[in-house]
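Structure file final-v8.cif; described as mmCIF, C-alpha atoms.
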```cif
data_data
#
loop_
_atom_site.group_PDB
_atom_site.id
_atom_site.type_symbol
_atom_site.label_atom_id
_atom_site.label_comp_id
_atom_site.auth_asym_id
_atom_site.auth_seq_id
_atom_site.Cartn_x
_atom_site.Cartn_y
_atom_site.Cartn_z
ATOM 1 C CA MET A 1 -11.305 32.597 -10.795
ATOM 2 C CA THR A 2 -10.628 28.909 -10.242
ATOM 3 C CA SER A 3 -7.439 28.234 -8.310
ATOM 4 C CA LEU A 4 -4.579 26.657 -10.213
ATOM 5 C CA LYS A 5 -3.273 23.685 -8.244
ATOM 6 C CA LEU A 6 0.270 22.521 -8.893
ATOM 7 C CA CYS A 7 2.434 19.828 -7.380
ATOM 8 C CA GLY A 8 4.584 21.607 -4.807
ATOM 9 C CA VAL A 9 7.118 18.804 -4.945
ATOM 10 C CA PHE A 10 8.127 20.166 -8.371
ATOM 11 C CA VAL A 11 7.901 23.884 -7.565
ATOM 12 C CA TYR A 12 10.083 23.674 -4.448
ATOM 13 C CA ARG A 13 13.093 22.602 -6.549
ATOM 14 C CA GLN A 14 13.009 25.997 -8.265
ATOM 15 C CA PRO A 15 11.229 28.241 -5.750
ATOM 16 C CA GLU A 16 12.254 31.381 -7.624
ATOM 17 C CA THR A 17 9.742 30.441 -10.313
ATOM 18 C CA TYR A 18 6.792 30.704 -7.905
ATOM 19 C CA GLU A 19 6.493 34.469 -8.412
ATOM 20 C CA LYS A 20 5.861 33.844 -12.115
ATOM 21 C CA LEU A 21 2.762 31.771 -11.368
ATOM 22 C CA PRO A 22 -0.754 33.230 -11.159
ATOM 23 C CA LYS A 23 -1.425 34.631 -7.677
ATOM 24 C CA GLU A 24 -4.284 32.155 -7.139
ATOM 25 C CA THR A 25 -1.936 29.162 -7.503
ATOM 26 C CA ILE A 26 -2.112 26.564 -4.714
ATOM 27 C CA CYS A 27 0.782 24.128 -4.353
ATOM 28 C CA LEU A 28 0.069 20.542 -3.356
ATOM 29 C CA ASN A 29 3.181 19.576 -1.431
ATOM 30 C CA TRP A 30 3.430 15.822 -0.991
ATOM 31 C CA GLY A 31 5.749 13.496 0.907
ATOM 32 C CA TYR A 32 5.106 9.975 2.175
ATOM 33 C CA MET A 33 7.884 8.964 4.564
ATOM 34 C CA PRO A 34 6.855 8.017 8.121
ATOM 35 C CA GLU A 35 8.965 10.890 9.462
ATOM 36 C CA GLN A 36 8.652 13.186 6.466
ATOM 37 C CA ASP A 37 10.928 16.195 6.894
ATOM 38 C CA GLU A 38 9.764 19.786 6.512
ATOM 39 C CA GLU A 39 12.331 21.042 3.991
ATOM 40 C CA GLN A 40 10.195 21.339 0.877
ATOM 41 C CA ILE A 41 7.284 22.797 2.842
ATOM 42 C CA LYS A 42 9.548 25.398 4.455
ATOM 43 C CA ILE A 43 11.058 26.384 1.098
ATOM 44 C CA LEU A 44 7.655 27.164 -0.387
ATOM 45 C CA ALA A 45 6.490 28.918 2.771
ATOM 46 C CA ASP A 46 9.591 31.142 2.632
ATOM 47 C CA VAL A 47 8.678 32.369 -0.859
ATOM 48 C CA GLY A 48 5.099 33.057 0.191
ATOM 49 C CA ALA A 49 3.470 30.104 -1.553
ATOM 50 C CA THR A 50 -0.047 29.040 -0.700
ATOM 51 C CA GLN A 51 0.089 25.289 -0.111
ATOM 52 C CA TYR A 52 -1.549 22.130 1.130
ATOM 53 C CA THR A 53 0.532 19.419 2.745
ATOM 54 C CA CYS A 54 -0.287 16.042 1.206
ATOM 55 C CA PRO A 55 0.425 12.865 3.191
ATOM 56 C CA GLY A 56 -1.110 9.493 2.329
ATOM 57 C CA VAL A 57 -2.841 6.374 3.609
ATOM 58 C CA CYS A 58 0.004 4.094 2.378
ATOM 59 C CA THR A 59 -2.106 1.565 0.494
ATOM 60 C CA TRP A 60 -0.266 1.779 -2.814
ATOM 61 C CA ASN A 61 1.919 -1.138 -3.872
ATOM 62 C CA ARG A 62 0.519 -3.079 -0.928
ATOM 63 C CA TRP A 63 -1.824 -6.014 -0.406
ATOM 64 C CA ILE A 64 -2.244 -4.782 3.173
ATOM 65 C CA PRO A 65 -1.681 -1.066 3.936
ATOM 66 C CA LEU A 66 1.278 0.107 5.967
ATOM 67 C CA PHE A 67 -0.898 1.509 8.735
ATOM 68 C CA LYS A 68 1.972 2.623 10.955
ATOM 69 C CA ASN A 69 3.699 4.441 8.093
ATOM 70 C CA ALA A 70 0.433 6.166 7.226
ATOM 71 C CA PHE A 71 -0.152 7.346 10.785
ATOM 72 C CA TYR A 72 3.305 8.806 11.300
ATOM 73 C CA ASN A 73 3.402 10.317 7.814
ATOM 74 C CA ILE A 74 0.079 12.082 8.358
ATOM 75 C CA ASN A 75 1.176 13.120 11.836
ATOM 76 C CA ALA A 76 4.372 14.707 10.481
ATOM 77 C CA MET A 77 2.628 16.480 7.622
ATOM 78 C CA THR A 78 -0.053 17.950 9.887
ATOM 79 C CA ARG A 79 2.702 19.342 12.151
ATOM 80 C CA HIS A 80 4.446 20.902 9.153
ATOM 81 C CA ALA A 81 1.164 22.317 7.879
ATOM 82 C CA LEU A 82 0.529 24.050 11.201
ATOM 83 C CA LYS A 83 4.111 25.293 11.532
ATOM 84 C CA TYR A 84 4.217 26.841 8.057
ATOM 85 C CA ASN A 85 0.604 28.041 7.830
ATOM 86 C CA ALA A 86 -0.541 25.729 5.054
ATOM 87 C CA ILE A 87 -4.198 26.319 4.191
ATOM 88 C CA GLY A 88 -5.085 22.640 4.418
ATOM 89 C CA LEU A 89 -4.137 18.992 4.375
ATOM 90 C CA LEU A 90 -4.949 16.697 1.450
ATOM 91 C CA ASN A 91 -4.820 13.034 2.468
ATOM 92 C CA THR A 92 -4.002 10.972 -0.624
ATOM 93 C CA ASP A 93 -4.620 7.407 -1.787
ATOM 94 C CA TRP A 94 -2.633 6.433 -4.876
ATOM 95 C CA GLY A 95 -2.960 3.313 -7.020
ATOM 96 C CA ASP A 96 0.457 2.501 -8.444
ATOM 97 C CA TYR A 97 0.691 -0.608 -10.657
ATOM 98 C CA ALA A 98 -3.065 -1.145 -10.338
ATOM 99 C CA HIS A 99 -4.653 -0.452 -6.968
ATOM 100 C CA ILE A 100 -4.342 -3.925 -5.476
ATOM 101 C CA SER A 101 -5.440 -2.928 -1.968
ATOM 102 C CA HIS A 102 -9.182 -3.257 -1.293
ATOM 103 C CA PRO A 103 -10.876 0.197 -1.084
ATOM 104 C CA SER A 104 -12.112 -0.480 2.450
ATOM 105 C CA PHE A 105 -8.493 -0.862 3.612
ATOM 106 C CA SER A 106 -8.010 2.897 3.150
ATOM 107 C CA VAL A 107 -10.524 3.755 5.880
ATOM 108 C CA PRO A 108 -8.126 3.685 8.872
ATOM 109 C CA GLY A 109 -5.726 6.022 7.040
ATOM 110 C CA ILE A 110 -8.602 8.340 6.173
ATOM 111 C CA ILE A 111 -9.607 8.401 9.841
ATOM 112 C CA TYR A 112 -6.003 9.121 10.860
ATOM 113 C CA GLY A 113 -6.107 12.141 8.562
ATOM 114 C CA ALA A 114 -9.351 13.423 10.057
ATOM 115 C CA ALA A 115 -8.217 12.853 13.639
ATOM 116 C CA LEU A 116 -4.772 14.396 13.275
ATOM 117 C CA ALA A 117 -5.916 17.348 11.175
ATOM 118 C CA TRP A 118 -8.513 18.113 13.844
ATOM 119 C CA ASN A 119 -6.155 17.670 16.790
ATOM 120 C CA ASN A 120 -2.485 17.080 16.056
ATOM 121 C CA SER A 121 -1.670 16.717 19.757
ATOM 122 C CA VAL A 122 -3.342 13.284 19.611
ATOM 123 C CA SER A 123 -0.191 11.513 18.497
ATOM 124 C CA ASP A 124 -0.360 8.161 20.316
ATOM 125 C CA PHE A 125 -0.580 5.505 17.588
ATOM 126 C CA ASP A 126 -2.027 2.827 19.857
ATOM 127 C CA ALA A 127 -4.601 5.157 21.381
ATOM 128 C CA VAL A 128 -5.832 6.339 17.995
ATOM 129 C CA ASN A 129 -6.125 2.751 16.763
ATOM 130 C CA GLU A 130 -8.098 1.825 19.842
ATOM 131 C CA GLY A 131 -10.459 4.662 18.924
ATOM 132 C CA VAL A 132 -10.732 3.463 15.323
ATOM 133 C CA SER A 133 -11.490 -0.058 16.542
ATOM 134 C CA THR A 134 -14.166 1.139 18.954
ATOM 135 C CA LEU A 135 -15.803 4.020 17.105
ATOM 136 C CA TYR A 136 -15.612 2.852 13.497
ATOM 137 C CA TYR A 137 -15.576 -0.950 13.682
ATOM 138 C CA GLY A 138 -17.715 -1.136 16.830
ATOM 139 C CA ASP A 139 -15.208 -3.355 18.655
ATOM 140 C CA LYS A 140 -15.734 -2.702 22.352
ATOM 141 C CA THR A 141 -12.433 -4.438 23.167
ATOM 142 C CA GLY A 142 -10.600 -1.794 21.133
ATOM 143 C CA LYS A 143 -8.219 -4.404 19.703
ATOM 144 C CA PHE A 144 -9.396 -4.934 16.121
ATOM 145 C CA MET A 145 -6.887 -2.536 14.547
ATOM 146 C CA GLU A 146 -4.065 -4.370 16.344
ATOM 147 C CA ARG A 147 -4.974 -7.492 14.408
ATOM 148 C CA LEU A 148 -4.985 -5.614 11.095
ATOM 149 C CA ILE A 149 -1.647 -3.978 11.849
ATOM 150 C CA GLU A 150 -0.116 -7.420 12.482
ATOM 151 C CA LEU A 151 -0.741 -8.283 8.842
ATOM 152 C CA SER A 152 0.656 -5.051 7.462
ATOM 153 C CA GLU A 153 4.370 -5.811 7.617
ATOM 154 C CA LEU A 154 4.430 -9.360 6.272
ATOM 155 C CA GLU A 155 4.948 -8.549 2.583
ATOM 156 C CA VAL A 156 8.578 -9.329 1.801
ATOM 157 C CA PHE A 157 8.344 -9.598 -1.993
ATOM 158 C CA ASP A 158 6.308 -6.420 -2.097
ATOM 159 C CA TRP A 159 4.210 -5.362 -5.048
ATOM 160 C CA TYR A 160 6.676 -2.787 -6.408
ATOM 161 C CA HIS A 161 9.428 -5.389 -6.670
ATOM 162 C CA THR A 162 6.969 -8.038 -7.866
ATOM 163 C CA VAL A 163 5.987 -5.891 -10.845
ATOM 164 C CA ARG A 164 9.440 -4.553 -11.630
ATOM 165 C CA TRP A 165 11.093 -7.998 -11.525
ATOM 166 C CA ILE A 166 8.724 -9.669 -13.990
ATOM 167 C CA GLU A 167 8.768 -6.643 -16.313
ATOM 168 C CA ALA A 168 12.559 -6.197 -16.223
ATOM 169 C CA LYS A 169 14.150 -6.301 -19.648
ATOM 170 C CA ASP A 170 17.101 -8.581 -18.811
ATOM 171 C CA SER A 171 18.671 -10.699 -16.070
ATOM 172 C CA SER A 172 20.864 -7.842 -14.850
ATOM 173 C CA GLU A 173 17.867 -5.598 -14.314
ATOM 174 C CA LYS A 174 15.953 -8.444 -12.691
ATOM 175 C CA GLU A 175 18.766 -8.872 -10.196
ATOM 176 C CA GLU A 176 18.289 -5.247 -9.105
ATOM 177 C CA PHE A 177 14.756 -6.041 -7.968
ATOM 178 C CA ILE A 178 15.514 -9.290 -6.128
ATOM 179 C CA LYS A 179 18.969 -8.679 -4.638
ATOM 180 C CA ASP A 180 17.665 -7.361 -1.319
ATOM 181 C CA PHE A 181 14.995 -10.032 -0.962
ATOM 182 C CA SER A 182 15.484 -12.194 2.137
ATOM 183 C CA VAL A 183 14.407 -15.844 1.956
ATOM 184 C CA GLU A 184 14.594 -16.081 5.741
ATOM 185 C CA ALA A 185 12.357 -13.025 6.183
ATOM 186 C CA ALA A 186 9.866 -14.351 3.631
ATOM 187 C CA GLU A 187 9.658 -17.768 5.278
ATOM 188 C CA LYS A 188 9.153 -16.151 8.670
ATOM 189 C CA ALA A 189 6.463 -13.851 7.251
ATOM 190 C CA ILE A 190 4.588 -16.786 5.707
ATOM 191 C CA GLU A 191 4.569 -18.530 9.076
ATOM 192 C CA GLN A 192 3.438 -15.371 10.875
ATOM 193 C CA MET A 193 0.714 -14.733 8.284
ATOM 194 C CA ALA A 194 -1.223 -17.831 9.284
ATOM 195 C CA LYS A 195 -1.084 -16.908 12.958
ATOM 196 C CA ALA A 196 -2.038 -13.277 12.298
ATOM 197 C CA LEU A 197 -5.027 -14.326 10.189
ATOM 198 C CA SER A 198 -6.176 -16.692 12.915
ATOM 199 C CA ARG A 199 -6.066 -13.858 15.446
ATOM 200 C CA LEU A 200 -7.870 -11.524 13.047
ATOM 201 C CA LYS A 201 -10.609 -14.096 12.516
ATOM 202 C CA ALA A 202 -11.082 -14.405 16.287
ATOM 203 C CA ALA A 203 -11.183 -10.611 16.668
ATOM 204 C CA THR A 204 -13.749 -10.114 13.902
ATOM 205 C CA ILE A 205 -16.522 -11.512 16.080
ATOM 206 C CA ASN A 206 -16.238 -8.353 18.200
ATOM 207 C CA VAL A 207 -16.913 -5.872 15.392
ATOM 208 C CA GLU A 208 -20.313 -4.691 14.199
ATOM 209 C CA PRO A 209 -21.964 -7.168 11.787
ATOM 210 C CA GLU A 210 -21.763 -4.802 8.788
ATOM 211 C CA HIS A 211 -17.960 -4.746 9.101
ATOM 212 C CA ARG A 212 -17.399 -8.497 9.424
ATOM 213 C CA LYS A 213 -17.215 -9.021 5.664
ATOM 214 C CA ILE A 214 -13.878 -7.209 5.770
ATOM 215 C CA LEU A 215 -12.332 -10.427 7.115
ATOM 216 C CA HIS A 216 -12.801 -12.081 3.714
ATOM 217 C CA TYR A 217 -11.108 -9.157 1.954
ATOM 218 C CA TYR A 218 -8.095 -9.389 4.240
ATOM 219 C CA GLU A 219 -7.936 -13.163 3.871
ATOM 220 C CA VAL A 220 -7.856 -12.883 0.062
ATOM 221 C CA ASN A 221 -5.194 -10.177 0.017
ATOM 222 C CA ALA A 222 -3.113 -11.870 2.698
ATOM 223 C CA GLU A 223 -3.180 -15.041 0.606
ATOM 224 C CA GLY A 224 -1.891 -12.988 -2.338
ATOM 225 C CA ALA A 225 0.925 -11.594 -0.205
ATOM 226 C CA LYS A 226 1.818 -15.109 0.965
ATOM 227 C CA ILE A 227 1.887 -16.498 -2.585
ATOM 228 C CA PHE A 228 4.142 -13.720 -3.846
ATOM 229 C CA ASN A 229 6.446 -14.188 -0.852
ATOM 230 C CA ARG A 230 6.715 -17.834 -1.937
ATOM 231 C CA ILE A 231 7.378 -16.759 -5.525
ATOM 232 C CA GLY A 232 10.169 -14.504 -4.254
ATOM 233 C CA ILE A 233 11.700 -17.526 -2.521
ATOM 234 C CA CYS A 234 11.510 -19.513 -5.786
ATOM 235 C CA ILE A 235 13.253 -16.723 -7.664
ATOM 236 C CA LYS A 236 15.971 -16.287 -5.052
ATOM 237 C CA GLN A 237 16.875 -19.883 -4.257
ATOM 238 C CA GLY A 238 15.077 -21.940 -6.884
ATOM 239 C CA ALA A 239 12.602 -24.809 -6.452
ATOM 240 C CA ASP A 240 11.877 -28.140 -8.055
ATOM 241 C CA LYS A 241 9.451 -28.456 -10.952
ATOM 242 C CA GLU A 242 6.633 -29.973 -8.895
ATOM 243 C CA GLU A 243 6.786 -27.192 -6.297
ATOM 244 C CA LYS A 244 6.772 -24.486 -8.937
ATOM 245 C CA TYR A 245 3.859 -26.043 -10.831
ATOM 246 C CA GLU A 246 1.893 -26.318 -7.594
ATOM 247 C CA LEU A 247 2.618 -22.659 -6.824
ATOM 248 C CA ALA A 248 1.488 -21.590 -10.315
ATOM 249 C CA GLU A 249 -1.807 -23.394 -9.760
ATOM 250 C CA GLN A 250 -2.270 -21.726 -6.368
ATOM 251 C CA LEU A 251 -1.571 -18.336 -7.952
ATOM 252 C CA GLU A 252 -4.235 -18.854 -10.634
ATOM 253 C CA LYS A 253 -6.854 -20.107 -8.181
ATOM 254 C CA TRP A 254 -6.114 -17.190 -5.863
ATOM 255 C CA PHE A 255 -6.469 -14.699 -8.713
ATOM 256 C CA TYR A 256 -9.898 -16.091 -9.569
ATOM 257 C CA ASN A 257 -11.076 -15.332 -6.030
ATOM 258 C CA TYR A 258 -9.365 -11.946 -6.073
ATOM 259 C CA SER A 259 -11.125 -11.071 -9.341
ATOM 260 C CA LEU A 260 -14.519 -11.944 -7.853
ATOM 261 C CA MET A 261 -13.790 -9.640 -4.925
ATOM 262 C CA TRP A 262 -12.541 -6.843 -7.214
ATOM 263 C CA ARG A 263 -15.680 -6.907 -9.371
ATOM 264 C CA LYS A 264 -17.970 -6.587 -6.354
ATOM 265 C CA VAL A 265 -16.643 -3.118 -5.550
ATOM 266 C CA SER A 266 -14.894 -1.846 -8.700
ATOM 267 C CA LYS A 267 -15.214 -1.551 -12.441
ATOM 268 C CA GLU A 268 -12.926 -3.684 -14.596
ATOM 269 C CA GLY A 269 -10.372 -0.871 -14.768
ATOM 270 C CA THR A 270 -6.805 -2.114 -14.467
ATOM 271 C CA LEU A 271 -7.750 -5.655 -13.470
ATOM 272 C CA HIS A 272 -6.548 -6.791 -16.900
ATOM 273 C CA ASN A 273 -3.036 -5.491 -16.073
ATOM 274 C CA LEU A 274 -3.017 -7.558 -12.910
ATOM 275 C CA ARG A 275 -4.288 -10.588 -14.834
ATOM 276 C CA ASN A 276 -1.468 -10.220 -17.366
ATOM 277 C CA LEU A 277 1.086 -10.090 -14.564
ATOM 278 C CA VAL A 278 -0.371 -13.233 -12.976
ATOM 279 C CA ILE A 279 -0.138 -14.991 -16.347
ATOM 280 C CA MET A 280 3.513 -13.958 -16.683
ATOM 281 C CA TYR A 281 4.351 -15.330 -13.245
ATOM 282 C CA ALA A 282 2.459 -18.557 -13.929
ATOM 283 C CA ASP A 283 4.434 -18.945 -17.169
ATOM 284 C CA PHE A 284 7.673 -18.260 -15.287
ATOM 285 C CA LEU A 285 6.847 -20.929 -12.695
ATOM 286 C CA ARG A 286 6.081 -23.439 -15.461
ATOM 287 C CA ASP A 287 9.325 -22.560 -17.277
ATOM 288 C CA ARG A 288 7.450 -21.183 -20.268
ATOM 289 C CA GLU A 289 8.420 -18.218 -22.375
ATOM 290 C CA ILE A 290 7.009 -15.050 -20.765
ATOM 291 C CA ASN A 291 4.843 -12.966 -23.073
ATOM 292 C CA LYS A 292 4.886 -9.317 -21.928
ATOM 293 C CA ASN A 293 2.368 -8.066 -24.489
#
```

Any chance you could put this one into structure tokens?
Amino acid sequence: MTSLKLCGVFVYRQPETYEKLPKETICLNWGYMPEQDEEQIKILADVGATQYTCPGVCTWNRWIPLFKNAFYNINAMTRHALKYNAIGLLNTDWGDYAHISHPSFSVPGIIYGAALAWNNSVSDFDAVNEGVSTLYYGDKTGKFMERLIELSELEVFDWYHTVRWIEAKDSSEKEEFIKDFSVEAAEKAIEQMAKALSRLKAATINVEPEHRKILHYYEVNAEGAKIFNRIGICIKQGADKEEKYELAEQLEKWFYNYSLMWRKVSKEGTLHNLRNLVIMYADFLRDREINKN
């Protein structure tokens, strides 16, 4: 009989219901915090549930993945899996609000999952990234992942807030999604982005030729992150008409390049949703009425 797989994150809230499920049920118990606690895994283990722990590669809602979050999340979930006798680990890669991260960006997180599931005692983030740089990307200096990680924490107006702000139904709801945005942090991130990309470009010469095309993918997505950081600044503190019009034009030109990249590796899929969002932001920057249809 085929196993019935359920989301353990729902079952653990009412663990007494587990005994009513078919005996072949397997619970998929997810959690994505860098230091994910063991509570919901322990609860299901205590009632005798068969379960997988399900960490993730932290690409969702990101132009550049949160590599450090992914590593420590997977590390924690492998420890919990071993402690509570889970039958496996399912490393996940979600695509909230359209999967804006390039598919190749998931590879380091996938490797983290393989490495840590095989040997959870290998818990040194820097050492594992040196291995990824050397063994996967062919970088004998072992530094390539360092350059990628530099880019990963420079998204201040992150994708979740980008989407929720433009789709908010009124000004009060919009304020909820911009209130914690820091203009100072965004300006600093924009400055750091240029330097990080320069270092990444220099490092790319050390990787195997078949991996060098990844530089272009990171450049395109980093440009997207930079533009939306600038849009966040416009929302928070305002800007003059000329600056906003210039930013709208940059956004549209960037999206053209992003679309070309998307279509090389993916079907059309949810690209139209992303295009609609870009149009809404361009209209906002040009002080036009925003059409959400």

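Residues lying within 8 Å of Ala45 of chain A, counting all atoms listed in the file and ignoring same-chain neighbours fewer than 4 positions away, are Ile41, Ala49, Thr50, Gln51, Tyr84 and Asn85 of chain A.
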
Write out, as an mmCIF file, in the frame of the given file, the residues just selected, with C-alpha atoms.
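As written to disk, again.cif reads:
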```
data_model
loop_
_atom_site.group_PDB
_atom_site.id
_atom_site.type_symbol
_atom_site.label_atom_id
_atom_site.label_comp_id
_atom_site.auth_asym_id
_atom_site.auth_seq_id
_atom_site.Cartn_x
_atom_site.Cartn_y
_atom_site.Cartn_z
ATOM 1 C CA ILE A 41 7.284 22.797 2.842
ATOM 2 C CA ALA A 49 3.470 30.104 -1.553
ATOM 3 C CA THR A 50 -0.047 29.040 -0.700
ATOM 4 C CA GLN A 51 0.089 25.289 -0.111
ATOM 5 C CA TYR A 84 4.217 26.841 8.057
ATOM 6 C CA ASN A 85 0.604 28.041 7.830
#
```

- Restricting the calculation to all atoms listed in the file, which member of A:Ser152, A:Pro103, A:Ala202, A:Asn119 is positioned closest to Arg263 of chain A? A:Pro103

- atom CA of Leu151 of chain A and atom CA of Tyr136 of chain A, how far apart in Å?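 Those two atoms sit 19.2 Å apart.
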
Listing only residues of segment 175-281 of chain A within 9 Å of segment 97-100 of chain A, what is the closest atom pair and its distance in Å (to one decimal) for each, using only C-alpha atoms, sorted by chain and residue number ascending, as JSON lines?
```
{"residue": "A:Asn221", "atom": "CA", "partner": "A:Ile100", "partner_atom": "CA", "distance": 8.4}
{"residue": "A:Trp262", "atom": "CA", "partner": "A:Ile100", "partner_atom": "CA", "distance": 8.9}
{"residue": "A:Gly269", "atom": "CA", "partner": "A:Ala98", "partner_atom": "CA", "distance": 8.5}
{"residue": "A:Thr270", "atom": "CA", "partner": "A:Ala98", "partner_atom": "CA", "distance": 5.7}
{"residue": "A:Leu271", "atom": "CA", "partner": "A:Ala98", "partner_atom": "CA", "distance": 7.2}
{"residue": "A:Asn273", "atom": "CA", "partner": "A:Ala98", "partner_atom": "CA", "distance": 7.2}
{"residue": "A:Leu274", "atom": "CA", "partner": "A:Ala98", "partner_atom": "CA", "distance": 6.9}
```

- Could you tell me, as a PyMOL selection string, which residues have any atom at most 12 Å from (-8.8, 4.8, 2.8), counting only C-alpha atoms? chain A and resi 56-60+64-67+70+91-95+99+101-114

File dump, residues just selected, C-alpha atoms, as a compact mmCIF listing (two decimals), in the frame of the given file:
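File produced: out.txt:
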```
# COMPACT_ATOMS: atom_id res chain seq x y z
CA GLY A 56 -1.11 9.49 2.33
CA VAL A 57 -2.84 6.37 3.61
CA CYS A 58 0.00 4.09 2.38
CA THR A 59 -2.11 1.56 0.49
CA TRP A 60 -0.27 1.78 -2.81
CA ILE A 64 -2.24 -4.78 3.17
CA PRO A 65 -1.68 -1.07 3.94
CA LEU A 66 1.28 0.11 5.97
CA PHE A 67 -0.90 1.51 8.74
CA ALA A 70 0.43 6.17 7.23
CA ASN A 91 -4.82 13.03 2.47
CA THR A 92 -4.00 10.97 -0.62
CA ASP A 93 -4.62 7.41 -1.79
CA TRP A 94 -2.63 6.43 -4.88
CA GLY A 95 -2.96 3.31 -7.02
CA HIS A 99 -4.65 -0.45 -6.97
CA SER A 101 -5.44 -2.93 -1.97
CA HIS A 102 -9.18 -3.26 -1.29
CA PRO A 103 -10.88 0.20 -1.08
CA SER A 104 -12.11 -0.48 2.45
CA PHE A 105 -8.49 -0.86 3.61
CA SER A 106 -8.01 2.90 3.15
CA VAL A 107 -10.52 3.76 5.88
CA PRO A 108 -8.13 3.68 8.87
CA GLY A 109 -5.73 6.02 7.04
CA ILE A 110 -8.60 8.34 6.17
CA ILE A 111 -9.61 8.40 9.84
CA TYR A 112 -6.00 9.12 10.86
CA GLY A 113 -6.11 12.14 8.56
CA ALA A 114 -9.35 13.42 10.06
```

- Which residues, written as a list in words, have at least one atom at most 9 Å from Glu252 of chain A, with all atoms listed in the file counted and residues fewer than 3 positions away on the same chain left out?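 Non-adjacent residues within range: Leu247, Ala248, Glu249, Phe255, Tyr256, Asn257, Val278, Ile279 and Ala282 of chain A.
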
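Take the candidates A:Asn75, A:Ile26, A:Glu187, A:Tyr218 and check each one against Lys201 of chain A using only C-alpha atoms; the shortest distance goes to A:Tyr218.
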